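Engineer: One structure follows; several queries about it will come next.
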Amino acid sequence: MTETDFIAPPDLLGRENGSTTWKAPSNIALIKYWGKREGQFPANPSLSFTLEASATTTTLSYQKRVRPGDDFSFKVLLDHAPEPSFEPKIAAFFKRALPYLPFLKEYHFTIATGNTFPHSSGIASSASGMAALALCLTDLERLWTPGRDEAYYRHKASFLARLGSGSASRSIQGPLMQWGRHTPIAASSDLYAIPYPFPVHEVFNGYLDTILLVDKGQKQVSSTLGHGLMKGHVYAESRFRQAGINLDALKSIFASGDLEAFGQVVEEEALSLHAMMMTSRPSFILMKPNTLEIIRHIWEFRTATNVPLCFTLDAGANVHLLYPQGFKSEVESFIKKILVEFCENRQYICDQIGIGAKKM
Ligand code: DP6
């Protein structure tokens, strides 16, 4: 599909008013998207586990405007209270989405949103939040121009979510989502994410992700800014190549269920992401001393026990522990005995691989 396939008819207008609600999960990248081109296109392909418990639920209410203006008209509520700090990002998203949703200026929208994870947990809500909003907007098109197949609406939701936040494109479906054109994956696209098309061993069923909340504060450098610093980065080309190589390596790992090799690739991706940050101009460090302490303990624990536990990091200090269902009790007692000490207020979130967004 191309961008023009996603342009809705210019006269698409529906009911006077109504509402729709979607719940979209967060996701954790195994192969990291870091660096982008104009138009929200990724510099390299990425792959993520869709999560289950960490999610955003958004109700989009719409009302036809009597006199539509040149501007968008919307307000945002977070947990029922006005949240004007979200407005610039949503306005930028609406602007990018307008060619594909020509009705956006014809309505006043109320976007009432809430997360299952604590607001100040340091977990980015942009992936689940933008995915939920994109699904609500796609739903209006679905209601007003029925008859297209579900695959079109799923692609469009991912396409729109991408315009809001790149990683959000991977939060529409699950359990494993791939985004970014990569020749060995025939259906891959820079425009939207697709379910990972190759066989995945049953050891990955219900794979667990425990998110250790190391630092719940606001990030000093946003992802968007970090992506920008990959332009002209001395290691950029090799990093983009590495992502492709690692994505290819996962094919046989997913097929065989080789968890040692899985951990190697996933940890290398996490550390490469942070290495890119440390070698940007200007450079920055999002890990905290406790992030490193946790990594050291994971490596010690793995050597001592052979439990196939590995970690990944997003653009922050928190650590995601990834492990199979079969080792739940061993890892839980390791967390309680050792790792919890390094979490802010001893807090962590228990999550697992999930199947994607749903209409409420
Ligand atoms: C490190 O999707 O948050 O989590 O497209 O600018 O909104 P924008 O960036 P964003 O970047 C995510 C970066 C990452 C890696 C990943 O999720 O692949």
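Identifiers in the structure tokens: chain A, B, ... in order shown; residue index from 1 per chain; ligand index from 1 in order shown.
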List the neighbours of region 77-85 of chain A out to 7 Å using only C-alpha atoms; skip same-chain residues closer than 3 positions along the sequence, and give me the result as an MDAnalysis selection string.
Structural biologist: chainID A and resid 111:114
Engineer: Would you save the residues from that selection as a compact mmCIF listing (two decimals), in the first residue's frame, using N, CA and C atoms?
Structural biologist:
```txt
# COMPACT_ATOMS: atom_id res chain seq x y z
N ILE A 111 -11.04 14.45 23.88
CA ILE A 111 -10.20 13.25 23.95
C ILE A 111 -10.00 12.95 25.44
N ALA A 112 -10.75 11.97 25.94
CA ALA A 112 -10.67 11.64 27.37
C ALA A 112 -9.84 10.37 27.51
N THR A 113 -8.70 10.51 28.17
CA THR A 113 -7.74 9.42 28.15
C THR A 113 -7.28 9.05 29.56
N GLY A 114 -6.82 7.82 29.72
CA GLY A 114 -6.31 7.38 31.02
C GLY A 114 -5.40 6.18 30.81
```
Engineer: With the cut-off set at 6 Å and counting only C-alpha atoms and all ligand atoms, tabulate each residue of chain A with an atom at most that distance from an atom of ligand 1, showing the nearest atom pair and its distance in Å to one decimal, ordered by chain and increasing number, as JSON lines.
Structural biologist:
```
{"residue": "A:Ala29", "atom": "CA", "partner": "ligand 1", "partner_atom_place_in_ligand_line": "18 (O)", "distance": 4.7}
{"residue": "A:Lys32", "atom": "CA", "partner": "ligand 1", "partner_atom_place_in_ligand_line": "18 (O)", "distance": 3.9}
{"residue": "A:Tyr33", "atom": "CA", "partner": "ligand 1", "partner_atom_place_in_ligand_line": "18 (O)", "distance": 3.7}
{"residue": "A:Trp34", "atom": "CA", "partner": "ligand 1", "partner_atom_place_in_ligand_line": "13 (C)", "distance": 5.7}
{"residue": "A:Ser46", "atom": "CA", "partner": "ligand 1", "partner_atom_place_in_ligand_line": "18 (O)", "distance": 5.9}
{"residue": "A:Ser165", "atom": "CA", "partner": "ligand 1", "partner_atom_place_in_ligand_line": "7 (O)", "distance": 3.3}
{"residue": "A:Gly166", "atom": "CA", "partner": "ligand 1", "partner_atom_place_in_ligand_line": "5 (O)", "distance": 3.4}
{"residue": "A:Ser167", "atom": "CA", "partner": "ligand 1", "partner_atom_place_in_ligand_line": "2 (O)", "distance": 3.6}
{"residue": "A:Ser223", "atom": "CA", "partner": "ligand 1", "partner_atom_place_in_ligand_line": "9 (O)", "distance": 4.9}
{"residue": "A:Thr224", "atom": "CA", "partner": "ligand 1", "partner_atom_place_in_ligand_line": "6 (O)", "distance": 3.6}
{"residue": "A:Asp314", "atom": "CA", "partner": "ligand 1", "partner_atom_place_in_ligand_line": "1 (C)", "distance": 4.6}
{"residue": "A:Ala315", "atom": "CA", "partner": "ligand 1", "partner_atom_place_in_ligand_line": "1 (C)", "distance": 4.3}
```
Engineer: Using only C-alpha atoms, find each residue of region 260-318 of chain A with at least one atom at most 12 Å away from an atom of region 244-250 of chain A; report its shortest atom-to-atom pair and that distance in Å (one decimal), sort the rows by chain and rising residue number, and return the result as a tab-separated table.
Structural biologist:
```
residue	atom	partner	partner_atom	distance
A:Glu260	CA	A:Leu250	CA	11.6
A:Ala261	CA	A:Leu250	CA	8.5
A:Phe262	CA	A:Leu250	CA	7.0
A:Gly263	CA	A:Leu250	CA	10.3
A:Gln264	CA	A:Asn246	CA	9.9
A:Val265	CA	A:Asn246	CA	6.3
A:Val266	CA	A:Asn246	CA	8.5
A:Glu267	CA	A:Asn246	CA	10.9
A:Glu268	CA	A:Asn246	CA	8.9
A:Glu269	CA	A:Asn246	CA	8.0
A:Ala270	CA	A:Asn246	CA	11.7
A:Ser272	CA	A:Asn246	CA	11.4
```
Engineer: Using only C-alpha atoms, find the one residue out of A:Leu98, A:Met276, A:Ala124, A:Leu104 that sits nearest to Gly228 (chain A).
Structural biologist: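 Among the listed residues, the smallest separation from Gly228 (chain A) belongs to A:Met276.
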Engineer: With only C-alpha atoms as the atoms that count, which of A:Ser48, A:Thr145, A:Gln40, A:Gln352 lies nearest to Pro324 (chain A)?
Structural biologist: A:Gln352
Engineer: Just give me the gap between CA of Gly35 (chain A) and CA of Thr279 (chain A) in Å, one decimal is fine.
Structural biologist: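 One can read the CA of Gly35 (chain A) to CA of Thr279 (chain A) distance as 13.6 Å.
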Engineer: Taking 5 positions as the minimum chain separation for residues in the same chain, which residues sit within 7 Å of Ser61 (chain A) when counting only C-alpha atoms? Answer as a ChimeraX atom specification.
Structural biologist: /A:18-20,109-111
Engineer: Kindly export the residues of the current selection with N, CA, C and O atoms, as a compact mmCIF listing (two decimals), in the first residue's frame.
Structural biologist:
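Wrote part33.txt, looks like this:
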```txt
# COMPACT_ATOMS: atom_id res chain seq x y z
N GLY A 18 -21.24 11.89 18.56
CA GLY A 18 -21.15 10.51 19.03
C GLY A 18 -19.83 10.30 19.73
O GLY A 18 -19.09 11.27 19.99
N SER A 19 -19.54 9.06 20.05
CA SER A 19 -18.24 8.79 20.69
C SER A 19 -17.81 7.35 20.44
O SER A 19 -18.64 6.50 20.09
N THR A 20 -16.54 7.10 20.59
CA THR A 20 -16.01 5.75 20.45
C THR A 20 -14.84 5.59 21.43
O THR A 20 -14.16 6.56 21.73
N PHE A 109 -13.60 17.87 19.09
CA PHE A 109 -13.32 16.58 19.72
C PHE A 109 -13.00 16.76 21.20
O PHE A 109 -12.30 17.70 21.58
N THR A 110 -13.50 15.83 22.01
CA THR A 110 -13.02 15.72 23.39
C THR A 110 -12.31 14.38 23.48
O THR A 110 -12.88 13.33 23.14
N ILE A 111 -11.04 14.45 23.88
CA ILE A 111 -10.20 13.25 23.95
C ILE A 111 -10.00 12.95 25.44
O ILE A 111 -9.23 13.61 26.12
```
Engineer: Name the closest residue to Lys216 (chain A) among the candidates A:Val66, A:Leu321, A:Ala97, A:Leu286; distances are taken between atoms, counting only C-alpha atoms.
Structural biologist: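 Among A:Val66, A:Leu321, A:Ala97, A:Leu286, it is A:Leu286 that comes nearest to Lys216 (chain A).
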Engineer: Once DSSP has gone over the backbone, tell me which residues of region 23-131 of chain A are in alpha helix (DSSP H), as a list in words.
Structural biologist: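 Of region 23-131 of chain A, the ones in alpha helix (DSSP H) are Glu87, Pro88, Lys89, Ile90, Ala91, Ala92, Phe93, Phe94, Lys95, Arg96, Ala97, Ser126, Ala127, Ser128, Gly129, Met130 and Ala131 of chain A.
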Engineer: Go through A:Ser189, A:Ser54, A:Met130, A:Leu137 one by one, measure the shortest atom-to-atom distance of each to Lys89 (chain A) using only C-alpha atoms, and give the residue with the smallest value.
Structural biologist: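 Ranked by minimum distance to Lys89 (chain A), first place goes to A:Met130.
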Engineer: Kindly indicate which residue among A:Lys337, A:Arg296, A:Arg162, A:Lys328 lies nearest to Leu133 (chain A), using only C-alpha atoms for the distances.
Structural biologist: A:Arg162
Engineer: To test your reading of the structure, identify every residue in region 271-331 of chain A that backbone DSSP assigns to strand (DSSP E or B), and report it as an MDAnalysis selection string.
Structural biologist: chainID A and resid 310:313 319:323
Engineer: State, in Å with one decimal place, the distance from CA of Thr2 (chain A) to CA of Ala134 (chain A).
Structural biologist: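 Straight-line distance from CA of Thr2 (chain A) to CA of Ala134 (chain A) works out to 18.1 Å.
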Engineer: Between A:His233, A:Arg302, A:Lys36, A:His108, single out the one closest to Leu60 (chain A), counting only C-alpha atoms.
Structural biologist: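 Of A:His233, A:Arg302, A:Lys36, A:His108, the one nearest Leu60 (chain A), counting only C-alpha atoms, is A:His108.
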Engineer: Find the residues near Ala8 (chain A): any atom within 9 Å, counting only C-alpha atoms, skip ones fewer than 6 places away on the same chain, and give them as number ranges by chain.
Structural biologist: A: 99-102, 141
Engineer: CA of Lys23 (chain A) and CA of Phe103 (chain A), how far apart in Å?
Structural biologist: 22.7 Å
Engineer: Give me the residues within 7 Å of Ile172 (chain A) as number ranges by chain, counting only C-alpha atoms and dropping any in the same chain fewer than 2 places off.
Structural biologist: A: 24, 131, 158, 169-170, 356-357
Engineer: Can you tell me which residues surround Tyr107 (chain A) at a distance of at most 6 Å, considering only C-alpha atoms, apart from same-chain residues fewer than 6 positions away, and format the answer as number ranges by chain?
Structural biologist: A: 63-65
